[in-house]
Amino acid sequence: MAVQALKDYKFPPADSVDKFHGAQLLYVGWDDHLMFCAPFAYCLPPNTPFSDLCQKFMAHSFGYHPDWKSVDFSKVTWLKSGQPWQPDMSKTLAELGLKHKDVLRFQTPGLKGINGSCS
Amino acid sequence: MDMNVKKKKLGLKEKYAHMTRGLDWQTSYQPMDKVFPQATFEGIKIHDWDKWEDPFRLTMDAYWKYQAEKERKLYAVLDAFAQNNGHLGITDARYLNAVKLFLTGISPLEYVAHRGFAAAGRNFPGVGPRVACLMQSVDEIRHAQTQIHAISNYNKHYDGFHDFKHMLERVWYLSVPKSFFDDAFSAGPFEWMIAIGFSFEYVLTNLLFVPFMSGAAYNGDMATVTFGFSAQSDEARHMTLGLECIKFMLEQDPDNLPIVQKWIDKWAWRGIRVLSLVGMMMDYMLPKRVMSWKEAWEIYFEQNGGALFADLARYGIKVPECLTQCTEDKEHISHQAWATFYQYGGAAAFHTWMPNDEEMDWLSAKYPNTFDKYYRARFTHWRDEAEKGNRFYSNTLPMLCQVCQIPMLFTEPGDPTKICYRESEYEGEKYHTCSDGCKHIFDDEPEKYTQAWLPVHQIYQGNCFPEGTDPTAEGFDPLAAVLDWYHFNNGHDNLDFEGSRDQANFAAWRGMATKNT
């Protein structure tokens with residue numbers, strides 16, 4: 001036990017997947033687009049198709065950005081936990097092996113935010 | 001014949017000794033370890049409590065006298081402020097939003113500090129620190145009280161001030177300062193002294209009370225500035241107490257050094273993260289600016305803090321490693337934090353806005369290396385869109401740092417265009433942090449932070465709606481339900497300053513005060 005405590009310091013984690021009513025957390029950040037101050041947190045059922053994540057949920061969150069309409073998902077590159085990762089749009093989050101609190105980053109070559117400022 | 005000899009008065013030191021002598025009694029029917037269970041579990045070794053020197057040697061009778069004088073002055077100014085409609089003398093109603101953040105973020109913490117120092121005093125077996133902690137505990141409750149009184153004048157006239165106690169337990173950004181204090185309070189008494197007595201009082205209050213209170217003066221807010229001056233004399237004593245505690249631990253046993261160093265590193269970083277809020281207050285929320293955040297940082301942290309660490313070097317204490325990162329961050333954090341509040345301004349209990357041209361030029365002059373390059377285009381775009389009726393509000397909840405609880409808004413060391421992602425795994429669960437500093441804190445004591453009450457996760461778990469809410473009902477609006485649970489008056493307390501009720505009322509009332517129509 002790393003924590004110095006008077007007695008046993010053992011508690012269940014506050015955010016384990018069983019507390020999310022059948023859904024799981026997934027974080028998604030858009031590189032070079034800091035107009036969105038932080039990656040977004042989604043709470044989605046594991047049977048959500050990845051295409052829905054991109055076309056529905058991410059479009060809702062990132063759609064304000066003028067670059068969004070130029071995003072071509074066939075050219076997007078992805079990182080999962082900072083490592084290159086390749087999704088299959090037709091598969092669900094579970095089928096892609098995306099676990100609770102996984103973090104994805106997507107990069108859109110050629111799109112560098114407002115006036116190229118990475119905003 | 002008897003001579004009328006004047007009785008010699010006791011000096012402060014003798015008086016202190018008499019007033020505190022004998023308070024460190026030994027227990028007779030319970031072992032000392034049972035009465036003071038918190039004195040040893042953190043690993044700090046104390047061999048002689050009598051070696052503790054209270055730097056102020058203040059006794060209660062003198063304490064009441066000083067504090068009563070200050071209270072009289074403070075309340076005289078507050079009365080005058082209220083009777084003269086002093087709230088109309090501020091520069092601009094935008095300024096009030098800095099006060100709102102201060103009230104909701106800091107005042108309840110003063111109360112927690114009062115509880116924490118009372119607890120630390122109870123748990124130290126030595127009489128010196130016990131008496132000193134008692135004084136600070138009384139100071140802190142007085143600060144909570146005077147801050148609430150100083151700001152209650154504003155609550156009569158403006159939105160967003162009405163329910164700070166309720167909000168502290170719930171609102172997403174207030175979890176940042178709250179978690180700082182919860183973390184400290186759930187540690188032992190010695191770590192508490194470093195967390196609050198040292199890090200908070202040194203790192204934070206110097207930067208909060210000196211330049212921010214000057215900001216209050218610059219902006220015509222005599223209620224807040226008078227409170228600030230009244231509190232500042234206590235803060236000096238608090239800082240000395242924190243420092244004295246560190247020196248005491250280090251002088252007592254060489255084994256204490258690595259423990260103290262670890263706490264200094266941890267709490268310096270946690271304090272610096274909380275300061276992001278103060279950075280944006282200074283650079284963006286004061287209509288009349290005193291100095292930039294970067295300048296304040298250089299004076300009050302780099303210079304003052306540097307002198308402090310030079311003083312501690314003889315005990316073997318090293319400057320916290322995070323300082324390299326902070327030197328880079330001073331160029332960025334105020335802009336990054338304000339951009340965050342701007343886009344989540346729908347869920348904040350204060351108004352946000354984009355700086356005007358003159359303000360952007362000021363920022364550009366103060367941050368010649370960074371503002372135009374990284375931030376101006378973003379802010380100009382948002383302002384243009386707002387003018388077209390397309391004001392940006394983020395519609396999705398952000399990812400939060402597991403330790404500091406701030407949205408993951410900070411950028412990579414060496415690259416202000418990339419968000420800094422750090423990841424840890426503990427007992428099969430993933431945990432994310434915003435920086436090397438926060439990751440290090442998590443990895444050192446993961447058990448503690450797996451329990452963090454992260455607002456975004458709590459909302460998604462359905463724990464942040466008013467009782468009886470049915471999230472499955474047709475047309476359910478989760479944001480409205482969360483704001484209701486926060487006790488926000490949606491449409492009044494939040495959203496843009498432009499078009500707000502505060503803006504309209506201030507203009508109308510000041511007009512009545514200065515014109516005949």
# chains A, B, ... in the order shown; residues from 1 in each chain; ligands from 1
$ select_by_dssp --residues "chain A" --states "strand (DSSP E)" --output "number ranges by chain"
A: 24-30, 40-44, 77-80, 83-85, 102-107
$ select_by_dssp --residues "region 230-423 of chain B" --states "helix (DSSP H, G or I)" --output "number ranges by chain"
B: 230-252, 256-285, 293-315, 323-329, 333-343, 345-347, 357-366, 371-387
$ interface_residues --of "chain B" --to "chain A" --cutoff "7 Å" --atoms "only C-alpha atoms" --output "list in words"
Phe41, Glu42, Ala339, Thr340, Lys373, Tyr374, Ala377, Arg378, Asn395, Thr396, Leu397, Pro398, Met399, Pro407, Met408, Leu409, Thr417, Lys418, Lys430, Asp444, Glu445, Glu447, Thr450, Gln451, Ala452, His457, Tyr460 and Gln461 of chain B
$ residues_around --residues "Arg422 (chain B)" --least-positions-apart "3" --cutoff "10 Å" --atoms "only C-alpha atoms" --output "NGL selection string"
(:A and (81-82)) or (:B and (401 or 408 or 412 or 419 or 431-440))
$ write_last_selection --atoms "N, CA, C and O atoms" --output "JSON list (two decimals), in the first residue's frame"
[["chain", "number", "residue", "atom", "x", "y", "z"],
["A", 81, "SER", "N", -4.31, 5.51, -26.80],
["A", 81, "SER", "CA", -3.27, 5.64, -25.76],
["A", 81, "SER", "C", -1.94, 6.09, -26.37],
["A", 81, "SER", "O", -0.88, 5.59, -26.00],
["A", 82, "GLY", "N", -2.01, 6.97, -27.35],
["A", 82, "GLY", "CA", -0.81, 7.53, -27.95],
["A", 82, "GLY", "C", -0.17, 6.66, -29.02],
["A", 82, "GLY", "O", 0.82, 7.06, -29.63],
["B", 401, "CYS", "N", -8.77, 15.59, -15.58],
["B", 401, "CYS", "CA", -7.58, 15.00, -14.96],
["B", 401, "CYS", "C", -7.99, 14.33, -13.65],
["B", 401, "CYS", "O", -8.72, 14.92, -12.85],
["B", 408, "MET", "N", -8.78, 18.41, -19.28],
["B", 408, "MET", "CA", -7.43, 18.12, -19.82],
["B", 408, "MET", "C", -7.05, 19.18, -20.85],
["B", 408, "MET", "O", -6.97, 18.92, -22.04],
["B", 412, "GLU", "N", 1.43, 19.98, -24.03],
["B", 412, "GLU", "CA", 2.68, 19.23, -23.84],
["B", 412, "GLU", "C", 3.85, 20.17, -23.53],
["B", 412, "GLU", "O", 3.95, 21.24, -24.15],
["B", 419, "ILE", "N", -2.32, 18.81, -26.81],
["B", 419, "ILE", "CA", -2.81, 18.50, -25.46],
["B", 419, "ILE", "C", -1.88, 17.45, -24.83],
["B", 419, "ILE", "O", -1.41, 16.54, -25.50],
["B", 431, "TYR", "N", -6.50, 5.33, -15.71],
["B", 431, "TYR", "CA", -6.66, 6.66, -15.11],
["B", 431, "TYR", "C", -5.84, 7.66, -15.93],
["B", 431, "TYR", "O", -4.72, 7.36, -16.33],
["B", 432, "HIS", "N", -6.41, 8.83, -16.14],
["B", 432, "HIS", "CA", -5.77, 9.81, -17.02],
["B", 432, "HIS", "C", -5.43, 11.08, -16.25],
["B", 432, "HIS", "O", -6.21, 11.53, -15.42],
["B", 433, "THR", "N", -4.27, 11.61, -16.56],
["B", 433, "THR", "CA", -3.83, 12.85, -15.89],
["B", 433, "THR", "C", -3.35, 13.85, -16.95],
["B", 433, "THR", "O", -3.05, 13.47, -18.08],
["B", 434, "CYS", "N", -3.26, 15.11, -16.52],
["B", 434, "CYS", "CA", -3.05, 16.21, -17.46],
["B", 434, "CYS", "C", -1.58, 16.57, -17.64],
["B", 434, "CYS", "O", -1.26, 17.49, -18.39],
["B", 435, "SER", "N", -0.69, 15.92, -16.88],
["B", 435, "SER", "CA", 0.69, 16.40, -16.84],
["B", 435, "SER", "C", 1.56, 15.37, -16.14],
["B", 435, "SER", "O", 1.05, 14.48, -15.45],
["B", 436, "ASP", "N", 2.85, 15.54, -16.28],
["B", 436, "ASP", "CA", 3.77, 14.66, -15.54],
["B", 436, "ASP", "C", 3.58, 14.85, -14.04],
["B", 436, "ASP", "O", 3.67, 13.89, -13.27],
["B", 437, "GLY", "N", 3.35, 16.10, -13.64],
["B", 437, "GLY", "CA", 3.17, 16.40, -12.21],
["B", 437, "GLY", "C", 2.00, 15.63, -11.63],
["B", 437, "GLY", "O", 2.11, 14.97, -10.60],
["B", 438, "CYS", "N", 0.84, 15.70, -12.29],
["B", 438, "CYS", "CA", -0.35, 15.01, -11.77],
["B", 438, "CYS", "C", -0.19, 13.50, -11.89],
["B", 438, "CYS", "O", -0.64, 12.75, -11.02],
["B", 439, "LYS", "N", 0.44, 13.03, -12.97],
["B", 439, "LYS", "CA", 0.65, 11.57, -13.11],
["B", 439, "LYS", "C", 1.53, 11.04, -11.97],
["B", 439, "LYS", "O", 1.27, 10.00, -11.39],
["B", 440, "HIS", "N", 2.53, 11.80, -11.66],
["B", 440, "HIS", "CA", 3.44, 11.39, -10.60],
["B", 440, "HIS", "C", 2.69, 11.29, -9.26],
["B", 440, "HIS", "O", 2.88, 10.34, -8.49]]
$ residues_around --residues "Met32 (chain B)" --least-positions-apart "5" --cutoff "12 Å" --atoms "only C-alpha atoms" --output "ChimeraX atom specification"
/B:24-27,37-40,123-126
$ residues_around --residues "Trp78 (chain A)" --least-positions-apart "5" --cutoff "7 Å" --atoms "only C-alpha atoms" --output "ChimeraX atom specification"
/A:84-86,104-107
$ write_last_selection --atoms "N, CA and C atoms" --output "JSON list (two decimals), in the first residue's frame"
[["chain", "number", "residue", "atom", "x", "y", "z"],
["A", 84, "PRO", "N", -0.40, 4.31, -32.68],
["A", 84, "PRO", "CA", -1.21, 4.22, -33.90],
["A", 84, "PRO", "C", -2.26, 3.11, -33.79],
["A", 85, "TRP", "N", -3.43, 3.40, -34.32],
["A", 85, "TRP", "CA", -4.56, 2.48, -34.15],
["A", 85, "TRP", "C", -5.47, 2.64, -35.35],
["A", 86, "GLN", "N", -6.04, 1.53, -35.81],
["A", 86, "GLN", "CA", -6.85, 1.58, -37.04],
["A", 86, "GLN", "C", -8.25, 1.04, -36.75],
["A", 104, "LEU", "N", -8.84, 8.08, -27.31],
["A", 104, "LEU", "CA", -8.49, 8.14, -28.73],
["A", 104, "LEU", "C", -8.14, 9.57, -29.11],
["A", 105, "ARG", "N", -7.21, 9.68, -30.03],
["A", 105, "ARG", "CA", -6.92, 10.99, -30.64],
["A", 105, "ARG", "C", -7.04, 10.80, -32.14],
["A", 106, "PHE", "N", -7.64, 11.78, -32.81],
["A", 106, "PHE", "CA", -7.66, 11.67, -34.26],
["A", 106, "PHE", "C", -6.97, 12.87, -34.89],
["A", 107, "GLN", "N", -6.33, 12.59, -36.02],
["A", 107, "GLN", "CA", -5.55, 13.62, -36.72],
["A", 107, "GLN", "C", -6.10, 13.75, -38.12]]
$ atom_distance --atom1 "CA of Pro416 (chain B)" --atom2 "CA of Ser276 (chain B)"
15.6 Å
$ atom_distance --atom1 "CA of Phe161 (chain B)" --atom2 "CA of Glu140 (chain B)"
20.5 Å
$ residues_around --residues "Lys91 (chain A)" --least-positions-apart "4" --cutoff "7 Å" --atoms "only C-alpha atoms" --output "PDB file with N, CA, C and O atoms, in the first residue's frame"
ATOM      1  N   PRO A  49     -21.952   1.505 -32.903  1.00  0.00           N
ATOM      2  CA  PRO A  49     -21.055   1.387 -34.051  1.00  0.00           C
ATOM      3  C   PRO A  49     -20.057   2.547 -34.078  1.00  0.00           C
ATOM      4  O   PRO A  49     -20.407   3.679 -33.723  1.00  0.00           O
ATOM      5  N   PHE A  50     -18.846   2.249 -34.491  1.00  0.00           N
ATOM      6  CA  PHE A  50     -17.826   3.304 -34.534  1.00  0.00           C
ATOM      7  C   PHE A  50     -18.246   4.414 -35.499  1.00  0.00           C
ATOM      8  O   PHE A  50     -17.958   5.588 -35.284  1.00  0.00           O
ATOM      9  N   GLU A  95     -16.499  -4.559 -30.380  1.00  0.00           N
ATOM     10  CA  GLU A  95     -15.796  -5.385 -31.378  1.00  0.00           C
ATOM     11  C   GLU A  95     -14.395  -4.839 -31.672  1.00  0.00           C
ATOM     12  O   GLU A  95     -13.481  -5.577 -32.011  1.00  0.00           O
ATOM     13  N   LEU A  96     -14.253  -3.543 -31.526  1.00  0.00           N
ATOM     14  CA  LEU A  96     -12.933  -2.937 -31.768  1.00  0.00           C
ATOM     15  C   LEU A  96     -12.019  -3.057 -30.547  1.00  0.00           C
ATOM     16  O   LEU A  96     -10.878  -2.591 -30.574  1.00  0.00           O
TER      17      LEU A  96
END
$ residues_around --residues "Gln503 (chain B)" --least-positions-apart "6" --cutoff "8 Å" --atoms "only C-alpha atoms" --output "list of chain:residue names"
B:Ala93, B:Arg94, B:Phe497
$ atom_distance --atom1 "CA of Ile141 (chain B)" --atom2 "CA of Leu78 (chain B)"
18.3 Å
$ closest_residue --among "B:Asn219, B:Ile259, B:Gly128, B:Val290" --to "Ala17 (chain B)" --atoms "only C-alpha atoms"
B:Gly128
